[in-house]
Amino acid sequence: MEIDYQARLDALLEQSGADMVGFVPGENMVYFTGLHFHLSERPILGLYNRQGLSFIIPELEVTKLDARPDLEARRFMWSDHRGYHGAFAAAVSALADGGASCALDGETLRYFEWLALEKAGLRASDTRDVGQLFLNMRARKAPQEIAKMQRAIDISEAALAATMAWARPGMTEREIADRLSAEMLARGAQGVAFLLVLTGEKSGLPHGNTGDRIWGEGEFLLIDFGALYEDYPADITRTFCAGEPTPEMRAMFEAVLGANRAARQFAKPGVSCEAVDRAAREVIEAAGLGEYFIHRLGHGLGLSVHELPNIVAGNQQAIEPGMVFTIEPGVYIPGIGGIRIEDNVVVTEAGIDALTSYPRGLNMASPQRTTAQ
């Protein structure tokens, strides 16, 4: 089934309450048009009103519009030697003359682009920031989007299984990361959305950096990663231990696994993001490890690895069917390391379905022989 970009643009314009909406390259432009442009020093601006879609665009990028006749996009072109102010002026004169209101993606639009619009005659009083509207509209996924994320997850999990069958203590974080990256690409990934491999004490850094540290016997190995497939990512974390974990390491694992399970069992349409976070956090607090769970439970997943909804204390937003988000409780203790178990789930009419299926066990057994869920 093809994505109906016209319907998305019409809904965006209607919900914005403005005469025109504007957006720049990035995930929002991909979502509403399917077009990929670099966000660079050369400004590109998509503008949509009741007359259709228009672009302020450098000449060197026009071939991408030529390849999409379905968009029927009007072009306001500029060149490096002439500069872009003339194209901005022509666009504002043609599309927003007479005080037409314009809703802009304030989350992504850069200040120099706003100055160009202002110089072209767009008044601040006629504009509004609808950056959150873009994110809210992207939060509920179409079946095509969910299918792409499922494919990214399938590739990621198969690559992880192959990598863990090969990995051994004595290897560096970078060696393991390189192997996992190659395994994902060999299985059809468009690219690697991100990849983090941390060992030993470093696994206690939720956003540490993969390096040349050697993975030692009896240490944690934390892998947070995801393949990219047709613009959509996976986001999976699994934690392993070669050899026998200490009782403290085992207790950390049991608390995190229990929190992951509790959130998956609790989440359903209508419950708040805060409540889902609380369902997991209570398990870790009951284990006496609450002070070491130092981040939100999860985040939305889509064209961006991090998007809405935010599964966090204080967020009263109710989860809705079609939302895809992560459940990733973690415990990080200085001097020992960290454990995180991250799954990707989609909200259904009845509850949630886990898109991820890689075993959640701490040991390095093959997926077929690991039973901890």
# chains A, B, ... in the order shown; residues from 1 in each chain; ligands from 1

$ closest_atom_pairs --of "stretch 36-146 of chain A" --to "stretch 325-338 of chain A" --cutoff "12 Å" --atoms "only C-alpha atoms" --output "tab-separated table"
residue	atom	partner	partner_atom	distance
A:Ala139	CA	A:Phe325	CA	9.2
A:Arg140	CA	A:Phe325	CA	10.3
A:Lys141	CA	A:Phe325	CA	10.6
A:Ile146	CA	A:Phe325	CA	11.1

$ residues_around --residues "stretch 181-189 of chain A" --least-positions-apart "4" --cutoff "12 Å" --atoms "only C-alpha atoms" --output "number ranges by chain"
A: 148-149, 151-166, 174-177, 193-197, 223-234

$ write_last_selection --atoms "N, CA and C atoms" --output "short mmCIF file (atom, residue, chain, number, x, y, z; two decimals), in the first residue's frame"
data_model
loop_
_atom_site.label_atom_id
_atom_site.label_comp_id
_atom_site.auth_asym_id
_atom_site.auth_seq_id
_atom_site.Cartn_x
_atom_site.Cartn_y
_atom_site.Cartn_z
N LYS A 148 7.90 -1.69 8.21
CA LYS A 148 9.31 -1.35 7.98
C LYS A 148 10.12 -1.48 9.27
N MET A 149 9.54 -1.04 10.38
CA MET A 149 10.25 -1.19 11.65
C MET A 149 10.40 -2.66 12.02
N ARG A 151 10.76 -5.09 9.95
CA ARG A 151 11.85 -5.61 9.12
C ARG A 151 13.20 -5.17 9.67
N ALA A 152 13.31 -3.91 10.11
CA ALA A 152 14.56 -3.44 10.72
C ALA A 152 14.88 -4.24 11.97
N ILE A 153 13.87 -4.56 12.75
CA ILE A 153 14.07 -5.36 13.97
C ILE A 153 14.51 -6.77 13.62
N ASP A 154 13.86 -7.38 12.65
CA ASP A 154 14.22 -8.75 12.25
C ASP A 154 15.68 -8.82 11.80
N ILE A 155 16.10 -7.84 11.00
CA ILE A 155 17.49 -7.79 10.55
C ILE A 155 18.42 -7.64 11.75
N SER A 156 18.07 -6.75 12.67
CA SER A 156 18.91 -6.48 13.84
C SER A 156 19.06 -7.72 14.70
N GLU A 157 17.97 -8.41 14.94
CA GLU A 157 18.03 -9.57 15.83
C GLU A 157 18.80 -10.73 15.21
N ALA A 158 18.63 -10.92 13.91
CA ALA A 158 19.41 -11.97 13.25
C ALA A 158 20.89 -11.64 13.28
N ALA A 159 21.22 -10.37 13.10
CA ALA A 159 22.62 -9.95 13.15
C ALA A 159 23.20 -10.11 14.55
N LEU A 160 22.40 -9.81 15.57
CA LEU A 160 22.88 -9.97 16.94
C LEU A 160 23.12 -11.44 17.26
N ALA A 161 22.23 -12.31 16.82
CA ALA A 161 22.42 -13.74 17.07
C ALA A 161 23.71 -14.23 16.44
N ALA A 162 23.99 -13.80 15.21
CA ALA A 162 25.23 -14.21 14.54
C ALA A 162 26.45 -13.64 15.25
N THR A 163 26.35 -12.40 15.70
CA THR A 163 27.48 -11.77 16.38
C THR A 163 27.77 -12.44 17.72
N MET A 164 26.72 -12.76 18.47
CA MET A 164 26.93 -13.36 19.79
C MET A 164 27.41 -14.81 19.68
N ALA A 165 27.13 -15.46 18.58
CA ALA A 165 27.68 -16.80 18.36
C ALA A 165 29.20 -16.75 18.13
N TRP A 166 29.67 -15.58 17.72
CA TRP A 166 31.08 -15.37 17.40
C TRP A 166 31.85 -14.70 18.54
N ARG A 174 35.08 -2.34 20.09
CA ARG A 174 35.05 -1.94 18.70
C ARG A 174 35.00 -3.14 17.76
N GLU A 175 35.70 -4.21 18.11
CA GLU A 175 35.66 -5.41 17.28
C GLU A 175 34.25 -5.99 17.24
N ILE A 176 33.59 -6.02 18.38
CA ILE A 176 32.23 -6.55 18.42
C ILE A 176 31.28 -5.65 17.66
N ALA A 177 31.44 -4.33 17.81
CA ALA A 177 30.59 -3.38 17.09
C ALA A 177 30.77 -3.51 15.58
N ALA A 193 21.34 2.50 12.23
CA ALA A 193 20.74 3.68 12.86
C ALA A 193 21.64 4.20 13.97
N PHE A 194 22.18 3.30 14.76
CA PHE A 194 23.16 3.63 15.79
C PHE A 194 23.67 2.32 16.35
N LEU A 195 24.79 2.40 17.07
CA LEU A 195 25.42 1.18 17.60
C LEU A 195 26.30 1.55 18.79
N LEU A 196 26.01 0.95 19.93
CA LEU A 196 26.75 1.22 21.16
C LEU A 196 27.11 -0.12 21.80
N VAL A 197 28.40 -0.36 21.98
CA VAL A 197 28.88 -1.57 22.64
C VAL A 197 29.73 -1.14 23.82
N ILE A 223 24.84 -4.09 24.65
CA ILE A 223 24.76 -3.73 23.24
C ILE A 223 23.43 -3.03 22.99
N ASP A 224 23.50 -1.77 22.60
CA ASP A 224 22.32 -0.95 22.26
C ASP A 224 22.49 -0.57 20.80
N PHE A 225 21.57 -1.00 19.94
CA PHE A 225 21.83 -0.90 18.51
C PHE A 225 20.53 -0.96 17.71
N GLY A 226 20.64 -0.74 16.43
CA GLY A 226 19.48 -0.90 15.56
C GLY A 226 19.86 -0.73 14.10
N ALA A 227 19.30 -1.59 13.27
CA ALA A 227 19.43 -1.45 11.82
C ALA A 227 18.43 -0.42 11.31
N LEU A 228 18.72 0.11 10.16
CA LEU A 228 17.83 1.04 9.47
C LEU A 228 17.31 0.34 8.22
N TYR A 229 15.99 0.38 8.02
CA TYR A 229 15.40 -0.24 6.84
C TYR A 229 14.35 0.70 6.25
N GLU A 230 14.60 1.15 5.03
CA GLU A 230 13.71 2.09 4.34
C GLU A 230 13.32 3.25 5.26
N ASP A 231 14.33 3.83 5.87
CA ASP A 231 14.25 5.04 6.71
C ASP A 231 13.78 4.77 8.13
N TYR A 232 13.39 3.56 8.47
CA TYR A 232 12.86 3.27 9.80
C TYR A 232 13.83 2.40 10.58
N PRO A 233 14.05 2.72 11.87
CA PRO A 233 15.06 2.04 12.67
C PRO A 233 14.47 1.00 13.62
N ALA A 234 15.32 0.11 14.06
CA ALA A 234 15.10 -0.67 15.27
C ALA A 234 15.87 0.01 16.39
#

$ atom_distance --atom1 "atom CA of A:Leu71" --atom2 "atom CA of A:Ser304"
23.3 Å

$ residues_around --residues "stretch 113-126 of chain A" --least-positions-apart "4" --cutoff "8 Å" --atoms "only C-alpha atoms" --output "PyMOL selection string"
chain A and resi 43+85+88-90+92-93+96+99-102+109

$ write_last_selection --atoms "all heavy atoms" --output "mmCIF file, in the first residue's frame"
data_model
loop_
_atom_site.group_PDB
_atom_site.id
_atom_site.type_symbol
_atom_site.label_atom_id
_atom_site.label_comp_id
_atom_site.auth_asym_id
_atom_site.auth_seq_id
_atom_site.Cartn_x
_atom_site.Cartn_y
_atom_site.Cartn_z
ATOM 1 N N PRO A 43 19.558 26.575 2.148
ATOM 2 C CA PRO A 43 18.203 26.385 2.670
ATOM 3 C C PRO A 43 17.266 25.764 1.631
ATOM 4 O O PRO A 43 17.286 26.114 0.450
ATOM 5 C CB PRO A 43 17.757 27.805 3.031
ATOM 6 C CG PRO A 43 18.583 28.700 2.169
ATOM 7 C CD PRO A 43 19.905 28.010 2.031
ATOM 8 N N HIS A 85 17.850 34.806 -1.278
ATOM 9 C CA HIS A 85 16.865 35.779 -0.825
ATOM 10 C C HIS A 85 15.814 36.091 -1.890
ATOM 11 O O HIS A 85 14.633 36.310 -1.554
ATOM 12 C CB HIS A 85 17.559 37.054 -0.364
ATOM 13 C CG HIS A 85 18.238 36.919 0.957
ATOM 14 N ND1 HIS A 85 17.558 36.764 2.152
ATOM 15 C CD2 HIS A 85 19.573 36.869 1.285
ATOM 16 C CE1 HIS A 85 18.419 36.644 3.141
ATOM 17 N NE2 HIS A 85 19.650 36.712 2.646
ATOM 18 N N PHE A 88 13.171 33.348 -1.725
ATOM 19 C CA PHE A 88 12.306 33.522 -0.560
ATOM 20 C C PHE A 88 11.297 34.639 -0.814
ATOM 21 O O PHE A 88 10.107 34.501 -0.486
ATOM 22 C CB PHE A 88 13.146 33.826 0.679
ATOM 23 C CG PHE A 88 13.631 32.624 1.413
ATOM 24 C CD1 PHE A 88 14.698 31.877 0.927
ATOM 25 C CD2 PHE A 88 13.025 32.218 2.585
ATOM 26 C CE1 PHE A 88 15.160 30.762 1.609
ATOM 27 C CE2 PHE A 88 13.471 31.099 3.282
ATOM 28 C CZ PHE A 88 14.543 30.356 2.784
ATOM 29 N N ALA A 89 11.768 35.736 -1.393
ATOM 30 C CA ALA A 89 10.873 36.863 -1.661
ATOM 31 C C ALA A 89 9.782 36.471 -2.648
ATOM 32 O O ALA A 89 8.603 36.812 -2.472
ATOM 33 C CB ALA A 89 11.669 38.048 -2.189
ATOM 34 N N ALA A 90 10.153 35.754 -3.704
ATOM 35 C CA ALA A 90 9.167 35.334 -4.705
ATOM 36 C C ALA A 90 8.140 34.388 -4.095
ATOM 37 O O ALA A 90 6.937 34.490 -4.372
ATOM 38 C CB ALA A 90 9.878 34.666 -5.878
ATOM 39 N N VAL A 92 7.202 34.099 -0.835
ATOM 40 C CA VAL A 92 6.328 34.791 0.110
ATOM 41 C C VAL A 92 5.336 35.672 -0.639
ATOM 42 O O VAL A 92 4.147 35.735 -0.292
ATOM 43 C CB VAL A 92 7.158 35.621 1.105
ATOM 44 C CG1 VAL A 92 6.265 36.542 1.934
ATOM 45 C CG2 VAL A 92 7.952 34.686 2.016
ATOM 46 N N SER A 93 5.785 36.341 -1.686
ATOM 47 C CA SER A 93 4.893 37.191 -2.477
ATOM 48 C C SER A 93 3.778 36.379 -3.126
ATOM 49 O O SER A 93 2.620 36.791 -3.155
ATOM 50 C CB SER A 93 5.698 37.935 -3.543
ATOM 51 O OG SER A 93 4.840 38.695 -4.378
ATOM 52 N N ALA A 96 2.031 33.959 0.342
ATOM 53 C CA ALA A 96 1.615 34.511 1.636
ATOM 54 C C ALA A 96 1.368 36.004 1.571
ATOM 55 O O ALA A 96 1.445 36.692 2.591
ATOM 56 C CB ALA A 96 2.671 34.206 2.691
ATOM 57 N N GLY A 99 -1.058 39.051 4.157
ATOM 58 C CA GLY A 99 -1.207 38.685 5.558
ATOM 59 C C GLY A 99 -1.651 37.269 5.804
ATOM 60 O O GLY A 99 -2.226 36.971 6.858
ATOM 61 N N ALA A 100 -1.431 36.358 4.845
ATOM 62 C CA ALA A 100 -1.769 34.955 5.059
ATOM 63 C C ALA A 100 -0.976 34.408 6.240
ATOM 64 O O ALA A 100 0.205 34.712 6.413
ATOM 65 C CB ALA A 100 -1.472 34.142 3.803
ATOM 66 N N SER A 101 -1.616 33.608 7.060
ATOM 67 C CA SER A 101 -0.941 33.042 8.227
ATOM 68 C C SER A 101 -0.115 31.830 7.814
ATOM 69 O O SER A 101 -0.473 31.093 6.888
ATOM 70 C CB SER A 101 -1.958 32.650 9.292
ATOM 71 O OG SER A 101 -2.875 31.698 8.781
ATOM 72 N N CYS A 102 0.992 31.623 8.524
ATOM 73 C CA CYS A 102 1.914 30.540 8.183
ATOM 74 C C CYS A 102 2.323 29.797 9.453
ATOM 75 O O CYS A 102 2.780 30.418 10.418
ATOM 76 C CB CYS A 102 3.153 31.090 7.476
ATOM 77 S SG CYS A 102 4.300 29.816 6.908
ATOM 78 N N LEU A 109 13.201 24.380 12.032
ATOM 79 C CA LEU A 109 13.542 25.573 11.260
ATOM 80 C C LEU A 109 14.657 26.340 11.965
ATOM 81 O O LEU A 109 14.613 26.569 13.170
ATOM 82 C CB LEU A 109 12.315 26.470 11.113
ATOM 83 C CG LEU A 109 12.481 27.676 10.191
ATOM 84 C CD1 LEU A 109 12.300 27.257 8.741
ATOM 85 C CD2 LEU A 109 11.470 28.771 10.552
#

$ select_by_dssp --residues "stretch 34-232 of chain A" --states "strand (DSSP E or B)" --output "PDB file with C-alpha atoms, in the first residue's frame"
ATOM      1  CA  LEU A  45      11.850  25.010   2.513  1.00  0.00           C
ATOM      2  CA  GLY A  46       8.653  23.130   1.738  1.00  0.00           C
ATOM      3  CA  LEU A  47       5.460  25.212   1.792  1.00  0.00           C
ATOM      4  CA  TYR A  48       1.938  23.818   1.520  1.00  0.00           C
ATOM      5  CA  ASN A  49      -1.354  25.667   1.125  1.00  0.00           C
ATOM      6  CA  GLY A  52      -0.644  22.755  -3.404  1.00  0.00           C
ATOM      7  CA  LEU A  53       2.975  22.112  -2.527  1.00  0.00           C
ATOM      8  CA  SER A  54       5.847  24.493  -3.240  1.00  0.00           C
ATOM      9  CA  PHE A  55       9.577  24.448  -2.567  1.00  0.00           C
ATOM     10  CA  ILE A  56      12.221  27.092  -2.115  1.00  0.00           C
ATOM     11  CA  ILE A  57      15.091  25.043  -3.451  1.00  0.00           C
ATOM     12  CA  PRO A  58      18.628  25.369  -4.874  1.00  0.00           C
ATOM     13  CA  ARG A  74       5.950  24.467  -7.643  1.00  0.00           C
ATOM     14  CA  ARG A  75       9.602  25.551  -7.565  1.00  0.00           C
ATOM     15  CA  PHE A  76      11.148  28.793  -6.382  1.00  0.00           C
ATOM     16  CA  MET A  77      14.731  28.129  -7.392  1.00  0.00           C
ATOM     17  CA  TRP A  78      17.939  29.828  -6.429  1.00  0.00           C
ATOM     18  CA  SER A  79      21.596  29.338  -7.294  1.00  0.00           C
ATOM     19  CA  GLY A  83      21.796  33.582  -3.423  1.00  0.00           C
ATOM     20  CA  CYS A 102       1.914  30.540   8.183  1.00  0.00           C
ATOM     21  CA  ALA A 103       2.533  27.646  10.570  1.00  0.00           C
ATOM     22  CA  LEU A 104       6.201  26.685  10.831  1.00  0.00           C
ATOM     23  CA  THR A 127       3.283  32.980  12.001  1.00  0.00           C
ATOM     24  CA  ARG A 128       2.894  30.277  14.626  1.00  0.00           C
ATOM     25  CA  ASP A 129       5.068  27.411  15.833  1.00  0.00           C
ATOM     26  CA  ARG A 140       0.613   7.084  15.432  1.00  0.00           C
ATOM     27  CA  THR A 172      37.358  -5.220  22.164  1.00  0.00           C
ATOM     28  CA  GLY A 191      22.383   1.411   7.213  1.00  0.00           C
ATOM     29  CA  VAL A 192      23.029   1.358  10.936  1.00  0.00           C
ATOM     30  CA  ALA A 193      20.738   3.677  12.860  1.00  0.00           C
ATOM     31  CA  PHE A 194      23.159   3.628  15.792  1.00  0.00           C
ATOM     32  CA  LEU A 195      25.421   1.184  17.602  1.00  0.00           C
ATOM     33  CA  LEU A 196      26.748   1.217  21.158  1.00  0.00           C
ATOM     34  CA  VAL A 197      28.878  -1.566  22.640  1.00  0.00           C
ATOM     35  CA  LEU A 198      30.024  -1.170  26.256  1.00  0.00           C
ATOM     36  CA  THR A 199      31.801  -3.620  28.552  1.00  0.00           C
ATOM     37  CA  ILE A 214      38.591  -5.448  26.166  1.00  0.00           C
ATOM     38  CA  PHE A 220      28.713  -7.221  31.476  1.00  0.00           C
ATOM     39  CA  LEU A 221      28.496  -6.678  27.726  1.00  0.00           C
ATOM     40  CA  LEU A 222      25.784  -4.136  26.883  1.00  0.00           C
ATOM     41  CA  ILE A 223      24.763  -3.726  23.244  1.00  0.00           C
ATOM     42  CA  ASP A 224      22.324  -0.951  22.259  1.00  0.00           C
ATOM     43  CA  PHE A 225      21.828  -0.900  18.508  1.00  0.00           C
ATOM     44  CA  GLY A 226      19.484  -0.897  15.559  1.00  0.00           C
ATOM     45  CA  ALA A 227      19.435  -1.453  11.823  1.00  0.00           C
ATOM     46  CA  LEU A 228      17.827   1.036   9.469  1.00  0.00           C
ATOM     47  CA  TYR A 229      15.395  -0.239   6.843  1.00  0.00           C
ATOM     48  CA  TYR A 232      12.863   3.271   9.797  1.00  0.00           C
TER      49      TYR A 232
END

$ select_by_dssp --residues "stretch 132-345 of chain A" --states "alpha helix (DSSP H)" --output "PyMOL selection string"
chain A and resi 132-139+143-166+173-186+247-266+273-286

$ residues_around --residues "A:Leu289" --least-positions-apart "2" --cutoff "10 Å" --atoms "only C-alpha atoms" --output "ChimeraX atom specification"
/A:251-252,255-256,281-287,291-293,330-333

$ closest_residue --among "A:Gly300, A:Gly86, A:Gly98, A:Pro321" --to "A:Arg138" --atoms "only C-alpha atoms"
A:Gly300

$ residues_around --residues "A:Pro269" --least-positions-apart "2" --cutoff "7 Å" --atoms "only C-alpha atoms" --output "NGL selection string"
:A and (271 or 319-321 or 347 or 349 or 351)

$ closest_residue --among "A:Gly290, A:Gly216, A:Pro206, A:Gly34" --to "A:Gln6" --atoms "only C-alpha atoms"
A:Gly34

$ residues_around --residues "A:Lys268" --least-positions-apart "3" --cutoff "12 Å" --atoms "only C-alpha atoms" --output "VMD selection string"
chain A and resid 263 to 265 271 to 273 275 to 276 318 to 324 345 to 353

$ atom_distance --atom1 "atom CA of A:Val30" --atom2 "atom CA of A:Asp4"
12.4 Å

$ atom_distance --atom1 "atom CA of A:Gly288" --atom2 "atom CA of A:Pro359"
25.2 Å

$ residues_around --residues "A:Tyr5" --least-positions-apart "3" --cutoff "8 Å" --atoms "only C-alpha atoms" --output "list in words"
Arg8, Leu9, Tyr31, Phe32, Thr33 and Gly34 of chain A

$ write_last_selection --atoms "N, CA, C and O atoms" --output "PDB file, in the first residue's frame"
ATOM      1  N   ARG A   8      -1.799  13.319   4.086  1.00  0.00           N
ATOM      2  CA  ARG A   8      -1.021  13.782   5.236  1.00  0.00           C
ATOM      3  C   ARG A   8      -0.862  15.295   5.224  1.00  0.00           C
ATOM      4  O   ARG A   8      -0.991  15.962   6.261  1.00  0.00           O
ATOM      5  N   LEU A   9      -0.559  15.851   4.058  1.00  0.00           N
ATOM      6  CA  LEU A   9      -0.393  17.305   3.961  1.00  0.00           C
ATOM      7  C   LEU A   9      -1.706  18.031   4.237  1.00  0.00           C
ATOM      8  O   LEU A   9      -1.719  19.059   4.931  1.00  0.00           O
ATOM      9  N   TYR A  31       8.287  12.394   6.122  1.00  0.00           N
ATOM     10  CA  TYR A  31       6.967  11.898   6.501  1.00  0.00           C
ATOM     11  C   TYR A  31       5.872  12.497   5.629  1.00  0.00           C
ATOM     12  O   TYR A  31       4.937  11.792   5.223  1.00  0.00           O
ATOM     13  N   PHE A  32       5.954  13.779   5.330  1.00  0.00           N
ATOM     14  CA  PHE A  32       4.866  14.445   4.616  1.00  0.00           C
ATOM     15  C   PHE A  32       5.048  14.478   3.108  1.00  0.00           C
ATOM     16  O   PHE A  32       4.088  14.787   2.386  1.00  0.00           O
ATOM     17  N   THR A  33       6.237  14.178   2.607  1.00  0.00           N
ATOM     18  CA  THR A  33       6.443  14.206   1.153  1.00  0.00           C
ATOM     19  C   THR A  33       7.194  12.991   0.612  1.00  0.00           C
ATOM     20  O   THR A  33       7.143  12.735  -0.587  1.00  0.00           O
ATOM     21  N   GLY A  34       7.934  12.302   1.456  1.00  0.00           N
ATOM     22  CA  GLY A  34       8.783  11.213   0.982  1.00  0.00           C
ATOM     23  C   GLY A  34      10.098  11.693   0.390  1.00  0.00           C
ATOM     24  O   GLY A  34      10.861  10.878  -0.134  1.00  0.00           O
TER      25      GLY A  34
END
